[in-house]
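Quick notes on the structure that follows.
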Amino acid sequence: MAVIEKYIRQSALPHIWCPGCGNGILLAALLRAIDKQQLEQKKTVIVSGIGCSSRASGYMNFNTIHTAHGRALPFATGIKLANPELNVIVITGDGDSTAIGGNHFIHACRRNIDITTVIFNNNIYGMTGGQYSPLSPSGTIATTSPYGHLERPFDIAALAIAAGSTYVARGTAYHAVQLTDLIAKGIANKGFSVIDAITQCPISFGRKNKMGGPAQMMQWQKDHAVMVAAAAKMKPEELAGKFVIGELHKSDAPEYTAEYDKMIARLQGKGAEA
Ligand code: SF4
Ligand code: MG
């Protein structure tokens, strides 16, 4: 705990999260990743949307902004463009990032702007009362699908890769040490990084879907996660009902703010290509 204590706003505690919620584990993994990358607190901005996960920014001793539902990425994009020297990290939920903010999400991937986005993915809208989100698995019992959810969920990692993100990874609250490493690598990537962080919401998801308490939900994460190296040797039918964790994608592409700066230099007659 000592490592991350300096990054916590003690004055903002106690936090609002329910007992057994995974958000605290993800927050600790993010803070350890920030520490690992030795990001300067004054030069780091945490931007969040709306929802249980997005309350995390308020507990973090950085420059923080808690924005509107689904709009964390537009705010983060503006901040990064205004000052590309800043480290910009977005905390968002599965509903926030893929429903209300879904369009912003794919275009941030496409631009490859140097922002790290950590999706606190608990498969549900926790704060607003347990409505299904675009990442709720088929069959999910939610307040908006009391007889089982008919839609298929997005594979958010596949969507991010297809849309142009240059670093995509998935981890879980159970695999917190690995998750720290994945987030650190996302921060190190000079481009748009997405970390799908699977976590437990025992209150709005677990109870309705009879998954047991927090410990059982974390056991579920352990039992259903397959490391990327192991998954590569498995047949699709063996992977059915499981999900792959680890670094899923890494590529090189021009970063948006660097390209923007080049254009400014060119138009001012200072760039090499002007
Ligand atoms: Fe966590 Fe769910 Fe409670 Fe929200 S409703 S704080 S996600 S357990
Ligand atoms: Mg959620």
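Following the order of the structure tokens, first chain is A, next is B, and so on, with residues numbered from 1 inside each chain and ligands from 1 in the order they appear.
Taking only C-alpha atoms and all ligand atoms into account, every polymer residue with at least one atom at most 7 Å away from ligand 2 is listed here: Gly93, Asp94, Gly95, Phe120, Asn121, Asn122, Asn123, Ile124, Tyr125 and Gly126 of chain A.
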Counting only C-alpha atoms and all ligand atoms, which residues of chain A sit at most 9 Å from some atom of ligand 1, and what is each one's closest atom pair with its distance in Å to one decimal, listed by chain and rising residue number, as JSON lines?
```
{"residue": "A:Ile16", "atom": "CA", "partner": "ligand 1", "partner_atom_place_in_ligand_line": "6 (S)", "distance": 6.6}
{"residue": "A:Trp17", "atom": "CA", "partner": "ligand 1", "partner_atom_place_in_ligand_line": "6 (S)", "distance": 3.7}
{"residue": "A:Cys18", "atom": "CA", "partner": "ligand 1", "partner_atom_place_in_ligand_line": "3 (Fe)", "distance": 4.2}
{"residue": "A:Pro19", "atom": "CA", "partner": "ligand 1", "partner_atom_place_in_ligand_line": "8 (S)", "distance": 6.9}
{"residue": "A:Gly20", "atom": "CA", "partner": "ligand 1", "partner_atom_place_in_ligand_line": "8 (S)", "distance": 6.6}
{"residue": "A:Cys21", "atom": "CA", "partner": "ligand 1", "partner_atom_place_in_ligand_line": "8 (S)", "distance": 4.1}
{"residue": "A:Gly22", "atom": "CA", "partner": "ligand 1", "partner_atom_place_in_ligand_line": "1 (Fe)", "distance": 6.4}
{"residue": "A:Asn23", "atom": "CA", "partner": "ligand 1", "partner_atom_place_in_ligand_line": "1 (Fe)", "distance": 6.2}
{"residue": "A:Gly24", "atom": "CA", "partner": "ligand 1", "partner_atom_place_in_ligand_line": "1 (Fe)", "distance": 8.8}
{"residue": "A:Gly51", "atom": "CA", "partner": "ligand 1", "partner_atom_place_in_ligand_line": "4 (Fe)", "distance": 7.5}
{"residue": "A:Cys52", "atom": "CA", "partner": "ligand 1", "partner_atom_place_in_ligand_line": "4 (Fe)", "distance": 4.6}
{"residue": "A:Ser53", "atom": "CA", "partner": "ligand 1", "partner_atom_place_in_ligand_line": "7 (S)", "distance": 6.7}
{"residue": "A:Phe120", "atom": "CA", "partner": "ligand 1", "partner_atom_place_in_ligand_line": "7 (S)", "distance": 8.8}
{"residue": "A:Asn122", "atom": "CA", "partner": "ligand 1", "partner_atom_place_in_ligand_line": "7 (S)", "distance": 6.7}
{"residue": "A:Ile124", "atom": "CA", "partner": "ligand 1", "partner_atom_place_in_ligand_line": "7 (S)", "distance": 8.0}
{"residue": "A:Tyr125", "atom": "CA", "partner": "ligand 1", "partner_atom_place_in_ligand_line": "7 (S)", "distance": 7.6}
{"residue": "A:Gly126", "atom": "CA", "partner": "ligand 1", "partner_atom_place_in_ligand_line": "5 (S)", "distance": 4.1}
{"residue": "A:Met127", "atom": "CA", "partner": "ligand 1", "partner_atom_place_in_ligand_line": "4 (Fe)", "distance": 5.0}
{"residue": "A:Thr128", "atom": "CA", "partner": "ligand 1", "partner_atom_place_in_ligand_line": "5 (S)", "distance": 8.1}
{"residue": "A:Gly129", "atom": "CA", "partner": "ligand 1", "partner_atom_place_in_ligand_line": "5 (S)", "distance": 7.4}
{"residue": "A:Gly130", "atom": "CA", "partner": "ligand 1", "partner_atom_place_in_ligand_line": "5 (S)", "distance": 7.6}
{"residue": "A:Thr199", "atom": "CA", "partner": "ligand 1", "partner_atom_place_in_ligand_line": "7 (S)", "distance": 8.4}
{"residue": "A:Gln200", "atom": "CA", "partner": "ligand 1", "partner_atom_place_in_ligand_line": "8 (S)", "distance": 6.9}
{"residue": "A:Cys201", "atom": "CA", "partner": "ligand 1", "partner_atom_place_in_ligand_line": "2 (Fe)", "distance": 3.7}
{"residue": "A:Pro202", "atom": "CA", "partner": "ligand 1", "partner_atom_place_in_ligand_line": "8 (S)", "distance": 5.0}
{"residue": "A:Ile203", "atom": "CA", "partner": "ligand 1", "partner_atom_place_in_ligand_line": "8 (S)", "distance": 4.7}
{"residue": "A:Ser204", "atom": "CA", "partner": "ligand 1", "partner_atom_place_in_ligand_line": "2 (Fe)", "distance": 5.2}
{"residue": "A:Phe205", "atom": "CA", "partner": "ligand 1", "partner_atom_place_in_ligand_line": "2 (Fe)", "distance": 7.0}
{"residue": "A:Gly206", "atom": "CA", "partner": "ligand 1", "partner_atom_place_in_ligand_line": "2 (Fe)", "distance": 8.5}
{"residue": "A:Pro214", "atom": "CA", "partner": "ligand 1", "partner_atom_place_in_ligand_line": "8 (S)", "distance": 8.8}
```
Handout entry: For Ala142 (chain A), the nearest of the candidates A:Gly78, A:Asn209, A:Phe62, A:Leu86, counting only C-alpha atoms
Key =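 Result for the nearest residue to Ala142 (chain A): A:Asn209.
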Using only C-alpha atoms, which residues sit within 8 Å of Lys43 (chain A) once same-chain residues fewer than 2 positions away are excluded, as a compact mmCIF listing (two decimals) with N, CA, C and O atoms, in the first residue's frame?
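The file below, out.txt, is the result:
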```txt
# COMPACT_ATOMS: atom_id res chain seq x y z
N LEU A 39 5.63 8.47 -13.75
CA LEU A 39 4.98 9.67 -14.28
C LEU A 39 4.94 10.75 -13.19
O LEU A 39 4.65 10.45 -12.04
N GLU A 40 5.24 11.96 -13.60
CA GLU A 40 5.21 13.08 -12.66
C GLU A 40 3.75 13.42 -12.37
O GLU A 40 2.98 13.60 -13.32
N GLN A 41 3.40 13.54 -11.09
CA GLN A 41 1.99 13.80 -10.75
C GLN A 41 1.48 15.08 -11.39
O GLN A 41 0.36 15.14 -11.88
N VAL A 45 -2.66 13.78 -16.13
CA VAL A 45 -4.08 14.14 -16.02
C VAL A 45 -4.92 12.87 -16.10
O VAL A 45 -4.76 12.05 -17.01
N ASN A 63 -3.79 15.80 -11.55
CA ASN A 63 -4.76 16.70 -12.15
C ASN A 63 -5.91 15.80 -12.60
O ASN A 63 -5.68 14.87 -13.38
N GLU A 85 2.63 17.49 -23.87
CA GLU A 85 3.61 17.04 -22.87
C GLU A 85 2.96 16.29 -21.71
O GLU A 85 3.62 15.59 -20.95
N LEU A 86 1.66 16.47 -21.56
CA LEU A 86 0.97 15.84 -20.43
C LEU A 86 0.75 14.34 -20.68
O LEU A 86 0.55 13.91 -21.83
N ASN A 87 0.81 13.57 -19.61
CA ASN A 87 0.42 12.15 -19.68
C ASN A 87 -1.08 12.12 -19.41
O ASN A 87 -1.52 12.58 -18.36
```
Practice task
Would you please give, as a PyMOL selection string, all residues of region 66-268 of chain A that DSSP assigns to strand (DSSP E or B) based on the backbone?
Solution key: chain A and resi 66+87-93+115-121+124-125+131-132+142+145+167-172+193-198+225-227+243-250
